[in-house]
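> Here's a structure for you.
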Number of protein chains: 4
Amino acid sequence: MYKIDLNSDLGESFGAYKIGMDDAVIPLISSANVACGFHAGDPLVMDKTVALCKSTDTAIGAHPGYPDLVGFGRRNLAASPAEVKAMVTYQIGALDAFCKSAGIKMQHVKPHGAMYNMAAKDEALAKAICEAIYAYDKDLILMGLAGSQMLVQAKSMGLKCAAEVFADRAYEEDGTLVARSKPGAMIHDEEEAVSRVIRMIKEGKVTAITGKDVDITADSVCVHGDGPKALAFVGKLRDAFAANGIEILPLTEIVK
Amino acid sequence: MYKIDLNSDLGESFGAYKIGMDDAVIPLISSANVACGFHAGDPLVMDKTVALCKSTDTAIGAHPGYPDLVGFGRRNLAASPAEVKAMVTYQIGALDAFCKSAGIKMQHVKPHGAMYNMAAKDEALAKAICEAIYAYDKDLILMGLAGSQMLVQAKSMGLKCAAEVFADRAYEEDGTLVARSKPGAMIHDEEEAVSRVIRMIKEGKVTAITGKDVDITADSVCVHGDGPKALAFVGKLRDAFAANGIEILPLTEIVK
Amino acid sequence: MYKIDLNSDLGESFGAYKIGMDDAVIPLISSANVACGFHAGDPLVMDKTVALCKSTDTAIGAHPGYPDLVGFGRRNLAASPAEVKAMVTYQIGALDAFCKSAGIKMQHVKPHGAMYNMAAKDEALAKAICEAIYAYDKDLILMGLAGSQMLVQAKSMGLKCAAEVFADRAYEEDGTLVARSKPGAMIHDEEEAVSRVIRMIKEGKVTAITGKDVDITADSVCVHGDGPKALAFVGKLRDAFAANGIEILPLTEIVK
Amino acid sequence: MYKIDLNSDLGESFGAYKIGMDDAVIPLISSANVACGFHAGDPLVMDKTVALCKSTDTAIGAHPGYPDLVGFGRRNLAASPAEVKAMVTYQIGALDAFCKSAGIKMQHVKPHGAMYNMAAKDEALAKAICEAIYAYDKDLILMGLAGSQMLVQAKSMGLKCAAEVFADRAYEEDGTLVARSKPGAMIHDEEEAVSRVIRMIKEGKVTAITGKDVDITADSVCVHGDGPKALAFVGKLRDAFAANGIEILPLTEIVK
């Protein structure tokens with residue numbers, strides 16, 4: 001029996017501003033990455049999102065980002081490793097407060113957007129993020145890009161970690177994502193996207209953009225809940241998992 | 001033997017902006033109220049402040065405020081009880097993350113500025129704050145104005161609480177602070193300020209602005225570290241405590 | 001021939017967060033109140049909103065609010081008159097920069113949310129806002145609640161001003177709005193709402209919640225563009241205006 | 001007779017946070033770069049700073065930065081040219097509002113920190129900044145690093161521009177500043193710093209870190225007002241200017 005975690009970025013509304021169909025996607029996933037107020041989310045939204053996840057037994061993780069609300073945390077910021085470590089500690093604690101208050105144990109941490117992408121390649125940044133998590137609670141699981149520096153650093157310090165893969169993205173031969181600016185970076189065909197994920201899970205392989213098959217570890221697949229089309233795709237993925245004997249489980253059941 | 005806690009608001013620097021003589025005042029107090037990033041403080045400052053407190057064994061509390069950095073959390077804001085509860089939960093967790101990462105148990109929570117003043121009189125606000133603290137960790141101690149709604153609400157829900165008094169402020173007959181806008185609100189004579197505090201601790205009495213003696217509970221005295229004069233006053237207070245057989249102890253030794 | 005201005009609050013999106021159907025409502029109104037980045041809006045949104053208004057020849061006004069994005073500027077904030085004056089000056093200038101760069105003359109200023117409501121009753125606040133506008137450009141028109149302190153202060157300093165009325169709100173006998181918390185505060189019947197506005201414009205009268213007819217000045221009617229129902233109501237209002245010989249004109253054609 | 005502008009970054013206080021000795025440095029300089037609320041400064045501080053400059057007839061310029069208060073605008077941010085153009089327009093307008101209200105004509109615009117440094121080398125960014133200024137008011141002067149892309153872009157679109165030099169920084173052979181991380185980047189000897197500036201003004205030459213003399217244009221020298229030592233250095237520079245027949249004049253008298 002194969003197993004996989006399904007994760008999604010959630011709790012991204014802010015004050016009067018609503019983003020995402022959290023109510024609809026939370027029951028379909030096993031792990032929720034909840035925004036922590038820096039790039040999205042606010043205390044009231046965090047409280048409601050944690051309650052929503054609790055009601056469906058969906059595991060919760062912190063989704064810390066750069067302090068850049070207007071840029072949604074997607075713009076690279078030249079923060080120092082010490083600054084990033086402190087902002088990750090801060091955001092983990094802020095989200096965990098809502099988990100603790102709701103009687104839930106927080107499961108994981110997945111950095112957001114530009115922080116996720118920069119730390120995938122920047123050793124010092126990756127190390128700072130992993131140190132923040134480890135110092136706070138060494139039972140937390142770091143979720144990072146499969147093959148990234150984040151996973152390398154986590155392993156080297158004994159922090160549990162999960163490799164995330166993307167259904168709709170092309171891969172380079174070295175296992176990194178093809179930059180969005182390059183042609184072919186996105187997999188638009190849904191059938192192809194589903195097949196690729198199934199193969200990553202069952203065979204640990206993905207065909208790189210060059211055509212060459214490369215190894216890849218898939219502990220969790222990232223899905224989106226920002227529209228009806230995205231939700232429908234999650235349904236297709238779940239159906240394909242069922243048809244292929246792949247069980248959907250939270251990270252704690254996958255990363256030991 | 002009498003005993004008292006000495007507390008001070010700290011960790012109020014922000015990025016390139018420095019406020020307060022934290023290095024000098026932390027060794028003189030028993031409880032530090034550390035700003036949590038909403039009205040003052042930032043993740044790096046919080047990290048450093050917790051480390052500083054740890055180095056002198058000074059107990060640490062969260063000092064949550066309104067999200068109003070430009071107003072330093074001193075401007076009344078008509079946030080709902082639900083909003084205030086969530087913002088307190090958020091800030092408690094954020095500071096506790098630095099405590100946990102440093103291997104320290106957080107001791108207390110003292111709301112800041114306008115939140116402190118509004119909650120002293122507003123039952124729903126006071127209740128929301130106490131609920132946030134209790135839900136997060138029922139061993140935390142709420143620090144609030146002696147005689148305030150915050151203490152009333154804390155007691156009614158079984159949350160430990162500490163009554164804070166001010167050396168430099170005049171009191172009304174009902175135990176509330178004389179508004180700063182009124183004449184006589186501030187006690188400018190340092191000898192008088194010291195004597196008043198000593199009497200609050202030893203006799204549980206203070207002379208109200210009307211001249212009438214009223215009852216007051218003093219678990220903690222608030223002192224400032226924002227300049228040499230303020231620091232000198234802390235020294236005088238400590239000397240007077242020693243001369244009067246009053247021991248300075250953290251809140252956990254005072255509120256049981 | 002009667003005449004009226006139709007105004008709407010616009011440009012309230014922020015970064016990745018979208019609010020409002022600006023494209024649809026702008027062609028239907030004569031004056032747009034554009035958020036200035038404190039309670040809503042961001043520089044890029046302001047730029048686009050100004051361009052949109054320019055394309056339909058819709059007059060533009062600044063819509064300054066309190067620096068409270070998470071509260072959408074709807075929460076009362078105890079800022080001093082000097083602080084409010086400065087924040088209004090700042091926001092007027094920020095929006096005017098986009099107008100100037102687009103070759104447009106800014107028409108008016110309408111404070112937002114809590115600032116609008118507080119200044120309707122608070123003389124010092126109303127005066128501070130009017131002073132900010134007058135000092136910046138004495139040809140700007142202040143838009144404020146009909147019968148409010150804002151209009152009183154504007155008139156007393158020679159600042160042009162426009163009285164705003166609401167189709168969907170009940171009025172007290174003194175011309176102020178019935179608080180939303182009171183029963184009957186909202187006019188839910190669209191026909192009734194339209195009839196009330198027509199009467200305000202043609203007769204200068206409105207039936208207060210007590211049943212008594214009171215005088216009211218209507219220079220501009222506030223409409224919303226936050227959904228299909230709101231847009232449909234604007235259409236009804238425009239039809240009723242046409243049927244009643246009421247011409248829709250920007251404030252500059254109404255307030256001389 | 002030689003002439004030079006002396007400029008300084010000012011108005012960097014924020015709410016309760018004070019930075020800089022603006023009162024002392026403003027009378028010593030000819031052009032003030034006033035922070036606009038994104039990386040430093042707030043509306044009240046901007047108002048006071050403009051009043052201070054007016055009282056000493058010091059010319060005023062906008063000093064726009066990235067929206068990064070906690071990083072003081074010193075951290076590189078991957079904002080798009082369109083975003084940067086809009087944020088510059090916004091900040092120019094915000095500051096100009098205080099100038100207009102005080103009856104002063106704003107003289108120039110100097111980007112701050114990371115925006116200044118990134119735009120010195122990034123053509124698209126430099127162009128976006130110059131376009132923002134030109135569209136707002138083509139009589140404004142852009143102040144940028146001598147030899148930078150900002151000056152190149154300004155000239156190519158007919159925007160007036162001023163070349164800024166630094167007394168305390170070493171230069172590469174191509175006229176760019178030696179990165180602070182490199183040894184020898186800072187000129188610590190005050191006599192040497194003064195001599196270098198005098199030579200830049202009189203001969204248009206500076207000795208690069210390699211030892212080779214290179215051409216440099218000096219329209220303005222940046223000085224600091226953040227401490228007594230910095231202020232004393234401004235005095236030395238002024239004395240040396242007087243002794244060398246160099247007149248201190250605002251940019252409008254230097255850039256025609």
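Letters for chains follow the order of the structure tokens (A, B, ...), residue numbers begin at 1 for each chain, and ligand numbers begin at 1 in the order shown.
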Name the residues in contact with region 81-86 of chain B at a cut-off of 9 Å, using only C-alpha atoms, excluding same-chain residues fewer than 2 positions from it; report them as a PyMOL selection string.
(chain A and resi 42-47+98) or (chain B and resi 66+79+88-91+115+124-133)
> Would you mind listing what lies within 10 Å of Val223 (chain D) as an MDAnalysis selection string, with only C-alpha atoms counted and same-chain residues fewer than 3 positions away left out?
chainID D and resid 6:9 25 28:29 165:168 220 226 230:231 233:234 237
> Between CA of Ser31 (chain D) and CA of Gly175 (chain D), measure the distance and give it in Å to one decimal.
23.1 Å
> Would you mind telling me which residue in D:Asn33, D:Arg74, D:Ala24, D:Phe241 lies nearest to chain B when using only C-alpha atoms?
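Using only C-alpha atoms, chain B sits closest to D:Arg74.
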> How close does chain A get to chain D? List, as CSV, each residue of chain A within 12 Å, its nearest atom pair and the distance in Å to one decimal, counting only C-alpha atoms.

```
residue,atom,partner,partner_atom,distance
A:Tyr66,CA,D:Asp68,CA,10.6
A:Pro67,CA,D:Asp68,CA,8.2
A:Asp68,CA,D:Asp68,CA,8.1
A:Leu69,CA,D:Pro67,CA,10.0
A:Val70,CA,D:Pro67,CA,9.1
A:Gly71,CA,D:Ala79,CA,8.2
A:Phe72,CA,D:Ala79,CA,11.6
A:Gly73,CA,D:Ala78,CA,10.6
A:Arg74,CA,D:Ala78,CA,8.8
A:Arg75,CA,D:Ala78,CA,5.1
A:Asn76,CA,D:Ala78,CA,5.0
A:Leu77,CA,D:Leu77,CA,4.6
A:Ala78,CA,D:Asn76,CA,5.0
A:Ala79,CA,D:Arg75,CA,6.4
A:Ser80,CA,D:Arg75,CA,8.9
A:Glu83,CA,D:Gly71,CA,9.6
A:Val84,CA,D:Gly71,CA,11.9
A:Met87,CA,D:Val70,CA,11.4
A:Ala114,CA,D:Ala78,CA,9.6
A:Met118,CA,D:Ala78,CA,11.8
```
> Take the residues from that selection and write them out as a short mmCIF file (atom, residue, chain, number, x, y, z; two decimals), in the first residue's frame, keeping N, CA and C atoms.

```
data_model
loop_
_atom_site.label_atom_id
_atom_site.label_comp_id
_atom_site.auth_asym_id
_atom_site.auth_seq_id
_atom_site.Cartn_x
_atom_site.Cartn_y
_atom_site.Cartn_z
N TYR A 66 7.44 36.04 4.56
CA TYR A 66 8.08 37.33 4.77
C TYR A 66 7.02 38.37 5.16
N PRO A 67 7.42 39.38 5.89
CA PRO A 67 6.47 40.42 6.32
C PRO A 67 6.14 41.34 5.14
N ASP A 68 5.34 40.85 4.22
CA ASP A 68 5.10 41.58 2.97
C ASP A 68 3.67 41.27 2.53
N LEU A 69 2.71 41.86 3.23
CA LEU A 69 1.30 41.59 2.96
C LEU A 69 0.93 42.04 1.55
N VAL A 70 1.40 43.22 1.15
CA VAL A 70 1.02 43.75 -0.16
C VAL A 70 1.59 42.89 -1.29
N GLY A 71 2.68 42.21 -1.01
CA GLY A 71 3.29 41.34 -2.01
C GLY A 71 2.95 39.87 -1.80
N PHE A 72 2.09 39.60 -0.80
CA PHE A 72 1.64 38.25 -0.47
C PHE A 72 2.83 37.31 -0.21
N GLY A 73 3.92 37.89 0.25
CA GLY A 73 5.08 37.06 0.58
C GLY A 73 5.76 36.41 -0.60
N ARG A 74 5.44 36.92 -1.79
CA ARG A 74 5.98 36.30 -3.00
C ARG A 74 7.21 37.02 -3.54
N ARG A 75 7.59 38.11 -2.92
CA ARG A 75 8.73 38.87 -3.43
C ARG A 75 9.97 38.55 -2.60
N ASN A 76 11.06 38.20 -3.29
CA ASN A 76 12.30 37.92 -2.56
C ASN A 76 12.67 39.12 -1.70
N LEU A 77 13.11 38.83 -0.48
CA LEU A 77 13.52 39.88 0.46
C LEU A 77 14.86 39.47 1.04
N ALA A 78 15.80 40.41 1.03
CA ALA A 78 17.14 40.08 1.49
C ALA A 78 17.24 40.18 3.01
N ALA A 79 16.46 39.36 3.70
CA ALA A 79 16.56 39.32 5.16
C ALA A 79 17.71 38.41 5.54
N SER A 80 18.38 38.72 6.65
CA SER A 80 19.50 37.90 7.09
C SER A 80 18.99 36.59 7.68
N GLU A 83 17.44 37.19 10.99
CA GLU A 83 16.10 37.78 10.89
C GLU A 83 15.07 36.72 10.51
N VAL A 84 15.44 35.87 9.54
CA VAL A 84 14.50 34.84 9.09
C VAL A 84 14.23 33.84 10.21
N MET A 87 11.83 35.50 12.57
CA MET A 87 10.46 35.66 12.05
C MET A 87 9.75 34.31 11.92
N ALA A 114 8.23 33.28 -1.34
CA ALA A 114 9.62 33.66 -1.59
C ALA A 114 10.55 33.04 -0.56
N MET A 118 13.57 30.79 -1.78
CA MET A 118 14.94 31.20 -1.50
C MET A 118 15.65 30.14 -0.65
#
```
> Quick one: DSSP strand (DSSP E) residues in region 107-159 of chain A, as a list in words?
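The strand (DSSP E) subset of region 107-159 of chain A is His108, Val109, Ile141, Leu142, Met143, Gly144 and Leu145 of chain A.
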> Next, write the just-selected residues to a file, as an mmCIF file, in the first residue's frame, keeping N, CA and C atoms as the atom set.

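part.cif written:
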```
data_model
loop_
_atom_site.group_PDB
_atom_site.id
_atom_site.type_symbol
_atom_site.label_atom_id
_atom_site.label_comp_id
_atom_site.auth_asym_id
_atom_site.auth_seq_id
_atom_site.Cartn_x
_atom_site.Cartn_y
_atom_site.Cartn_z
ATOM 1 N N HIS A 108 3.346 20.445 11.543
ATOM 2 C CA HIS A 108 4.472 20.739 10.667
ATOM 3 C C HIS A 108 4.652 22.233 10.422
ATOM 4 N N VAL A 109 5.699 22.550 9.695
ATOM 5 C CA VAL A 109 5.979 23.924 9.278
ATOM 6 C C VAL A 109 6.379 23.900 7.812
ATOM 7 N N ILE A 141 7.527 18.679 11.946
ATOM 8 C CA ILE A 141 8.066 18.213 10.666
ATOM 9 C C ILE A 141 8.238 19.406 9.730
ATOM 10 N N LEU A 142 9.401 19.557 9.160
ATOM 11 C CA LEU A 142 9.594 20.588 8.140
ATOM 12 C C LEU A 142 9.107 20.066 6.798
ATOM 13 N N MET A 143 8.264 20.829 6.127
ATOM 14 C CA MET A 143 7.891 20.467 4.765
ATOM 15 C C MET A 143 8.631 21.389 3.799
ATOM 16 N N GLY A 144 9.355 20.777 2.852
ATOM 17 C CA GLY A 144 10.117 21.587 1.900
ATOM 18 C C GLY A 144 10.123 20.925 0.542
ATOM 19 N N LEU A 145 10.596 21.669 -0.421
ATOM 20 C CA LEU A 145 10.669 21.158 -1.794
ATOM 21 C C LEU A 145 11.540 19.901 -1.847
#
```
> Could you please determine the separation between CA of Thr252 (chain D) and CA of Glu123 (chain D) in Å, to one decimal place?
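Those two atoms sit 25.5 Å apart.
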> Skipping near chain neighbours, those fewer than 5 positions away, what residues fall within 7 Å of Ile187 (chain A) using only C-alpha atoms, listed as number ranges by chain?
A: 168-170, 193
> Pick the closest to Tyr2 (chain D) from D:Pro250, D:Lys202, D:Ile216, D:Gly20: which is it, counting only C-alpha atoms?
D:Lys202
> Going by DSSP on the backbone, which bits of region 113-171 of chain C are alpha helix (DSSP H)? Write them as an MDAnalysis selection string, please.
chainID C and resid 113:121 123:136 149:156
> Rounded to one decimal place, report the CA of Gly184 (chain D)-CA of Glu172 (chain D) distance in Å.
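Interatomic distance, CA of Gly184 (chain D) to CA of Glu172 (chain D): 10.9 Å.
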> Give the answer as one residue: which of B:Gln153, B:Ser13, B:Ser101, B:Gln107 has the shortest atom-to-atom distance to Asp57 (chain B), using only C-alpha atoms?
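Of all the options, B:Gln107 lies closest to Asp57 (chain B).
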> Nearest to Pro228 (chain B) among B:Ala51, B:Pro111, B:Gly41, B:Met21, with distances taken over only C-alpha atoms: which residue is it?
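Of all the options, B:Met21 lies closest to Pro228 (chain B).
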